[in-house]
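Asker: Please find coords_16.txt (compact mmCIF, C-alpha atoms) on the next line:
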# COMPACT_ATOMS: atom_id res chain seq x y z
CA MET N 24 144.77 98.02 137.31
CA ALA N 25 147.90 97.56 135.21
CA ASP N 26 147.69 93.82 136.00
CA TYR N 27 144.38 93.63 134.16
CA LEU N 28 145.98 95.13 131.04
CA VAL N 29 148.68 92.46 131.09
CA MET N 30 147.21 89.31 132.71
CA GLU N 31 150.40 87.29 132.22
CA GLY N 32 150.49 88.51 128.60
CA TYR N 33 147.04 87.06 127.80
CA ALA N 34 144.94 90.22 128.37
CA GLY N 35 144.30 90.60 124.62
CA PHE N 36 142.80 87.10 124.43
CA ILE N 37 140.77 87.43 127.64
CA TRP N 38 139.30 90.89 127.05
CA SER N 39 138.56 90.25 123.36
CA ALA N 40 136.69 87.01 124.22
CA TRP N 41 134.55 88.89 126.76
CA ALA N 42 134.06 91.86 124.41
CA ILE N 43 132.95 89.66 121.48
CA ALA N 44 130.52 87.77 123.75
CA ALA N 45 129.07 91.07 125.03
CA MET N 46 128.74 92.45 121.49
CA LEU N 47 126.95 89.33 120.24
CA MET N 48 124.48 89.49 123.15
CA LEU N 49 123.94 93.20 122.56
CA ALA N 50 123.36 92.50 118.86
CA ILE N 51 120.70 89.79 119.42
CA TRP N 52 118.93 92.08 121.92
CA ALA N 53 119.00 95.07 119.51
CA VAL N 54 117.78 93.00 116.53
CA SER N 55 114.99 91.38 118.59
CA GLU N 56 113.76 94.72 120.00
CA ARG N 57 113.85 96.26 116.51
CA LEU N 58 111.84 93.35 115.11
CA LEU N 59 109.22 93.75 117.84
CA ARG N 60 108.92 97.53 117.26
CA HIS N 61 108.75 97.02 113.48
CA GLN N 62 105.91 94.50 113.78
CA ALA N 63 104.09 96.73 116.32
CA ALA N 64 104.30 99.67 113.88
CA LEU N 65 103.05 97.50 110.98
CA LEU N 66 100.13 96.25 113.05
CA ALA N 67 99.22 99.77 114.21
CA GLY N 68 99.18 100.91 110.56
CA LEU N 69 96.97 98.02 109.47
CA GLU N 70 94.56 98.48 112.39
CA ALA N 71 94.30 102.20 111.57
CA ALA N 72 93.45 101.30 107.96
CA GLU N 73 90.85 98.80 109.20
CA ASN N 74 89.22 101.51 111.35
CA ILE N 75 89.11 103.93 108.41
CA ASP N 76 87.55 101.24 106.18
CA ALA N 77 85.02 100.38 108.86
CA MET A 4 98.03 77.00 133.31
CA TRP A 5 96.64 76.40 129.83
CA ARG A 6 95.09 79.89 129.70
CA PHE A 7 98.67 81.32 129.53
CA ALA A 8 99.11 79.37 126.29
CA ASN A 9 96.58 81.71 124.68
CA PRO A 10 98.71 84.00 122.43
CA ALA A 11 96.88 87.20 123.53
CA ILE A 12 97.25 86.44 127.25
CA PHE A 13 100.82 85.27 126.74
CA PHE A 14 101.65 88.52 124.88
CA ASP A 15 100.55 90.69 127.84
CA LEU A 16 102.25 88.43 130.36
CA ALA A 17 105.52 88.46 128.34
CA ALA A 18 105.42 92.26 128.11
CA LYS A 19 105.19 92.47 131.91
CA ALA A 20 107.86 89.80 132.54
CA SER A 21 110.48 91.11 130.05
CA PRO A 22 111.80 94.07 132.12
CA TRP A 23 112.13 91.82 135.18
CA ALA A 24 114.01 89.19 133.21
CA ALA A 25 116.26 91.93 131.78
CA ALA A 26 117.05 93.32 135.23
CA VAL A 27 117.74 89.89 136.77
CA SER A 28 119.94 88.72 133.87
CA LEU A 29 122.00 91.94 133.82
CA LEU A 30 122.48 91.76 137.59
CA LEU A 31 123.56 88.11 137.51
CA MET A 32 125.91 88.66 134.56
CA ALA A 33 127.45 91.79 136.15
CA LEU A 34 128.10 89.89 139.38
CA GLY A 35 129.44 86.85 137.49
CA ALA A 36 131.69 89.07 135.35
CA TYR A 37 133.08 90.85 138.40
CA LEU A 38 133.84 87.57 140.18
CA GLY A 39 135.14 85.87 137.02
CA LEU A 40 137.38 88.70 135.85
CA PHE A 41 138.60 90.17 139.13
CA ALA A 42 137.92 87.94 142.15
CA ALA A 43 138.42 84.34 140.98
CA PRO A 44 141.99 83.01 141.14
CA PRO A 45 144.02 82.08 138.02
CA ASP A 46 144.14 78.37 137.16
CA TYR A 47 147.25 76.45 138.24
CA ILE A 48 147.88 75.22 134.67
CA GLN A 49 146.07 77.65 132.37
CA GLY A 50 146.83 80.78 134.42
CA GLU A 51 144.81 83.91 133.66
CA THR A 52 143.35 82.50 130.41
CA VAL A 53 140.91 80.50 132.53
CA ARG A 54 138.86 83.72 132.78
CA ILE A 55 137.66 83.00 129.23
CA MET A 56 135.92 79.93 130.71
CA TYR A 57 133.30 82.15 132.41
CA VAL A 58 131.85 83.16 129.03
CA HIS A 59 132.87 80.13 126.97
CA VAL A 60 131.34 77.35 129.10
CA PRO A 61 127.96 79.04 129.84
CA SER A 62 127.57 79.96 126.14
CA ALA A 63 128.31 76.33 125.15
CA TRP A 64 125.72 75.09 127.68
CA MET A 65 123.17 77.58 126.37
CA ALA A 66 123.90 76.58 122.76
CA MET A 67 122.82 73.03 123.63
CA PHE A 68 120.01 74.08 125.97
CA CYS A 69 118.44 76.32 123.30
CA TYR A 70 118.53 73.49 120.78
CA GLY A 71 116.88 71.22 123.36
CA VAL A 72 114.12 73.81 123.89
CA MET A 73 113.72 74.11 120.12
CA ALA A 74 113.40 70.33 119.73
CA VAL A 75 110.91 69.97 122.62
CA SER A 76 108.83 72.94 121.36
CA SER A 77 108.87 71.48 117.85
CA ALA A 78 107.72 68.08 119.14
CA SER A 79 104.94 69.80 121.16
CA GLY A 80 103.91 71.70 118.03
CA LEU A 81 103.74 68.51 115.96
CA ILE A 82 101.81 66.59 118.66
CA TRP A 83 99.37 69.22 119.95
CA ASN A 84 99.56 71.64 117.02
CA HIS A 85 99.71 74.59 119.42
CA PRO A 86 100.80 77.81 117.65
CA LEU A 87 102.83 79.07 120.66
CA ALA A 88 105.01 75.95 120.55
CA TYR A 89 106.10 76.77 116.99
CA VAL A 90 106.50 80.45 117.95
CA ALA A 91 108.81 79.44 120.84
CA ALA A 92 110.88 77.17 118.58
CA LYS A 93 111.22 79.83 115.88
CA ALA A 94 112.09 82.54 118.44
CA THR A 95 114.71 80.33 120.10
CA ALA A 96 116.73 79.56 116.95
CA PRO A 97 118.53 82.93 116.50
CA ILE A 98 119.32 83.10 120.24
CA GLY A 99 120.75 79.58 120.17
CA MET A 100 122.71 80.45 117.04
CA VAL A 101 124.26 83.45 118.84
CA PHE A 102 125.22 81.32 121.87
CA THR A 103 126.76 78.71 119.56
CA ALA A 104 128.78 81.38 117.72
CA MET A 105 129.87 82.76 121.11
CA ALA A 106 131.01 79.30 122.25
CA LEU A 107 132.96 78.73 119.03
CA ILE A 108 134.60 82.18 118.96
CA THR A 109 135.52 82.31 122.66
CA GLY A 110 136.74 78.69 122.45
CA SER A 111 138.91 79.58 119.50
CA ILE A 112 140.36 82.58 121.36
CA TRP A 113 141.05 80.34 124.37
CA GLY A 114 142.52 77.60 122.16
CA LYS A 115 145.21 79.78 120.59
CA PRO A 116 147.21 80.47 123.78
CA MET A 117 146.53 77.00 125.29
CA TRP A 118 146.81 74.68 122.28
CA GLY A 119 148.73 76.91 119.87
CA ALA A 120 145.90 76.78 117.30
CA TRP A 121 142.74 78.79 116.69
CA TRP A 122 140.92 75.70 115.42
CA ALA A 123 141.29 71.92 115.33
CA TRP A 124 138.96 69.39 113.70
CA ASP A 125 138.42 67.78 117.07
CA ALA A 126 135.15 65.90 117.80
CA ARG A 127 133.80 68.48 120.29
CA MET A 128 134.53 71.51 118.12
CA THR A 129 133.31 69.86 114.93
CA SER A 130 130.03 68.72 116.52
CA VAL A 131 129.42 72.27 117.87
CA LEU A 132 130.14 73.66 114.39
CA ILE A 133 127.50 71.23 113.05
CA LEU A 134 125.12 72.64 115.70
CA LEU A 135 125.73 76.13 114.29
CA PHE A 136 124.90 74.86 110.78
CA LEU A 137 121.73 73.20 112.15
CA TYR A 138 120.58 76.53 113.59
CA LEU A 139 121.37 78.31 110.30
CA GLY A 140 119.59 75.59 108.29
CA TYR A 141 116.55 75.76 110.58
CA MET A 142 116.27 79.55 110.15
CA ALA A 143 116.85 79.31 106.39
CA LEU A 144 114.06 76.72 106.10
CA TRP A 145 111.61 78.98 107.98
CA ASN A 146 112.41 81.77 105.52
CA ALA A 147 112.30 79.51 102.47
CA ILE A 148 108.67 78.37 102.91
CA ASP A 149 106.00 81.06 102.57
CA GLU A 150 103.08 79.09 103.97
CA PRO A 151 103.44 79.24 107.83
CA VAL A 152 101.82 75.87 108.66
CA ARG A 153 104.02 73.99 106.18
CA ALA A 154 107.09 75.93 107.33
CA ALA A 155 106.35 75.11 110.98
CA ARG A 156 106.03 71.37 110.27
CA ALA A 157 109.11 71.16 108.02
CA THR A 158 111.30 73.05 110.49
CA ALA A 159 109.97 70.97 113.40
CA ILE A 160 111.09 67.78 111.63
CA LEU A 161 114.51 69.32 110.94
CA ALA A 162 114.83 70.39 114.61
CA LEU A 163 113.94 66.89 115.82
CA ALA A 164 116.33 65.19 113.39
CA GLY A 165 119.13 67.56 114.43
CA ALA A 166 118.59 66.78 118.13
CA VAL A 167 120.66 63.61 117.62
CA ASN A 168 123.69 65.95 117.61
CA LEU A 169 123.14 66.94 121.28
CA PRO A 170 124.34 63.66 122.87
CA VAL A 171 127.16 63.58 120.31
CA ILE A 172 128.34 67.01 121.53
CA LYS A 173 127.98 66.05 125.20
CA PHE A 174 129.79 62.70 124.98
CA SER A 175 132.24 63.55 122.17
CA VAL A 176 135.01 64.10 124.75
CA ASP A 177 134.40 60.59 126.17
CA TRP A 178 133.79 58.69 122.92
CA TRP A 179 136.80 60.02 121.04
CA ASN A 180 140.33 61.19 121.85
CA THR A 181 139.85 64.94 121.71
CA LEU A 182 142.02 67.99 122.21
CA HIS A 183 139.11 69.47 124.15
CA GLN A 184 139.14 68.72 127.87
CA PRO A 185 136.50 66.39 129.38
CA ALA A 186 133.62 67.68 131.55
CA SER A 187 134.66 69.38 134.79
CA LEU A 188 131.23 70.09 136.24
CA MET A 189 128.57 67.75 134.83
CA ARG A 190 130.22 64.47 135.85
CA ALA A 191 129.03 61.36 137.66
CA ASP A 192 131.29 62.17 140.65
CA ALA A 193 131.71 65.62 142.28
CA PRO A 194 132.55 68.68 140.13
CA ALA A 195 136.33 68.96 139.59
CA ILE A 196 136.36 72.71 140.06
CA HIS A 197 137.03 74.84 143.14
CA ALA A 198 134.18 76.85 144.69
CA THR A 199 135.94 80.16 143.95
CA MET A 200 135.72 79.32 140.23
CA LEU A 201 132.42 77.47 140.41
CA MET A 202 130.51 80.48 141.81
CA PRO A 203 131.21 82.92 138.92
CA LEU A 204 130.67 80.08 136.42
CA LEU A 205 127.22 79.28 137.86
CA LEU A 206 126.29 82.97 138.14
CA MET A 207 127.18 83.52 134.48
CA ALA A 208 125.28 80.36 133.47
CA LEU A 209 122.21 81.54 135.39
CA GLY A 210 122.59 85.06 133.94
CA PHE A 211 122.78 83.62 130.40
CA THR A 212 119.70 81.47 131.07
CA VAL A 213 117.65 84.47 132.23
CA PHE A 214 119.05 86.50 129.30
CA TYR A 215 117.73 83.76 127.00
CA ILE A 216 114.29 83.98 128.65
CA TRP A 217 114.31 87.78 128.26
CA ILE A 218 115.21 87.72 124.56
CA LEU A 219 112.85 84.76 123.96
CA LEU A 220 109.94 86.79 125.40
CA VAL A 221 110.83 89.77 123.18
CA ARG A 222 111.12 87.59 120.07
CA MET A 223 107.94 85.64 120.83
CA ARG A 224 106.01 88.92 121.18
CA GLY A 225 107.46 90.03 117.83
CA GLU A 226 106.43 86.75 116.20
CA ILE A 227 102.87 86.91 117.66
CA LEU A 228 102.53 90.44 116.20
CA ALA A 229 103.95 89.24 112.86
CA ARG A 230 101.24 86.55 112.74
CA ARG A 231 98.53 89.12 113.47
CA VAL A 232 99.95 91.35 110.70
CA ARG A 233 99.94 88.40 108.28
CA SER A 234 96.32 87.45 109.04
CA LEU A 235 95.12 91.07 108.86
CA ARG A 236 96.83 91.49 105.48
CA GLN A 237 95.24 88.28 104.20
CA ALA A 238 91.83 89.46 105.43
CA ARG A 239 92.30 92.80 103.63
CA VAL A 240 93.35 91.05 100.42
CA GLN A 241 90.25 88.84 100.59
CA ALA A 242 88.10 91.91 101.25
CA GLY A 243 89.55 93.48 98.08
CA HIS A 244 91.39 96.34 99.79
CA TYR A 245 94.68 95.61 97.89
What is this structure when it is put down as structure tokens?

Answerer:
Amino acid sequence: MADYLVMEGYAGFIWSAWAIAAMLMLAIWAVSERLLRHQAALLAGLEAAENIDA
Amino acid sequence: MWRFANPAIFFDLAAKASPWAAAVSLLLMALGAYLGLFAAPPDYIQGETVRIMYVHVPSAWMAMFCYGVMAVSSASGLIWNHPLAYVAAKATAPIGMVFTAMALITGSIWGKPMWGAWWAWDARMTSVLILLFLYLGYMALWNAIDEPVRAARATAILALAGAVNLPVIKFSVDWWNTLHQPASLMRADAPAIHATMLMPLLLMALGFTVFYIWILLVRMRGEILARRVRSLRQARVQAGHY
């Protein structure tokens, strides 16, 4: 395990590259899901208003 | 086949396919990460830093692939005027932008220990930076034009014009003397990479591709709903409800 914290002295570069990549992927997933939920909530509100008007 | 191009049918199909795409992409990436970080050997020149390759190279491939999808979808939109083609192009842009940023950042982190510099104005890096600006410009143009049909056409033309950058990125390492190494995998002869390194690289590339499909489906569903919201609002305005 200690080897993976050193990696010939490059562990900081290697782990930070992987961590940044993972964070960016997590961020695009979170933003996309939030956008979908936001639009679904907006549509539900509008459809409810349509039903009341009808 | 064409019935799946109906936005309502596509929406239901995408909702069913998303969890499967999520599971497959996470599985492939977990396996690729395990092999890349723990099982693959260090490189004989670059040592342990080669483990950055397993995120850097697939993200660079995806950066170009996403732009290719965006350009083809844009062309389909202009030719056949199908709304889903524009939806796919618009939904792809932020994902491609993220992959491009990933390629640039991980490349920079890899460059520091190997080249002694975080950045160099080398042909490969500069052309990928231009790709990032193309994605940002494309998204800015979508947001700058209120009328969706005009926005779709203007952005499609921008996407097609920007596609000229893709061969420049691919062949930059052959056309110019660059600090960046030439292709190791996509070459005319056999790949110049050992199977123990090739396997995690391909698994990560496949995992990233399925991840793209997963996020694309989520974003396309969001965009289809946004269009329904827009048309309902317009209908209510015309009916005098606002």

Asker: Distance cut-off 8 Å, counting only C-alpha atoms - which residues of chain A neighbour chain N? Return them as a VMD selection string.

Answerer: chain A and resid 50 to 52 54 to 55 58 97 to 98 101 105 108 to 109 112 to 113 116 218 221 to 222 224 to 226 228 to 229 231 to 232 235 to 236

Asker: Provide the atom CA of Asp26 of chain N to atom CA of Val53 of chain A distance in Å, to one decimal place.

Answerer: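 Atom CA of Asp26 of chain N sits 15.3 Å away from atom CA of Val53 of chain A.
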
Asker: So which residues touch segment 15-29 of chain A within 9 Å, counting all atoms listed in the file, skipping near sequence neighbours fewer than 5 positions away, as an MDAnalysis selection string?

Answerer: chainID A and resid 7 10 34 207 209:218 220:221 223:224

Asker: Between atom CA of Gly71 of chain A and atom CA of Thr199 of chain A, what is the distance, to one decimal in Å?

Answerer: 29.4 Å

Asker: Draw an axis-aligned box tight on the listed atoms of segment 30-41 of chain A, then pad every side by 3 Å and write out centre and edge lengths in Å to one decimal as AutoDock Vina command-line options.

Answerer:
--center_x 130.5 --center_y 88.8 --center_z 137.4 --size_x 22.1 --size_y 11.9 --size_z 11.6

Asker: For the atom pair atom CA of Val90 of chain A and atom CA of Leu49 of chain N, what is the interatomic distance in Å to one decimal place?

Answerer: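 One can read the atom CA of Val90 of chain A to atom CA of Leu49 of chain N distance as 22.1 Å.
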
Asker: Contacts of Met128 of chain A at 10 Å or less, counting all atoms listed in the file, minus same-chain residues fewer than 2 places along, as an NGL selection string?

Answerer: :A and (106-107 or 110-111 or 122-126 or 130-134 or 172 or 175-176 or 181-183)

Asker: Using only C-alpha atoms, give me every residue within 10 Å of (136.7, 76.4, 137.8) in file coordinates, as a ChimeraX atom specification.

Answerer: /A:39,43-46,53-54,56-57,187-188,194-205
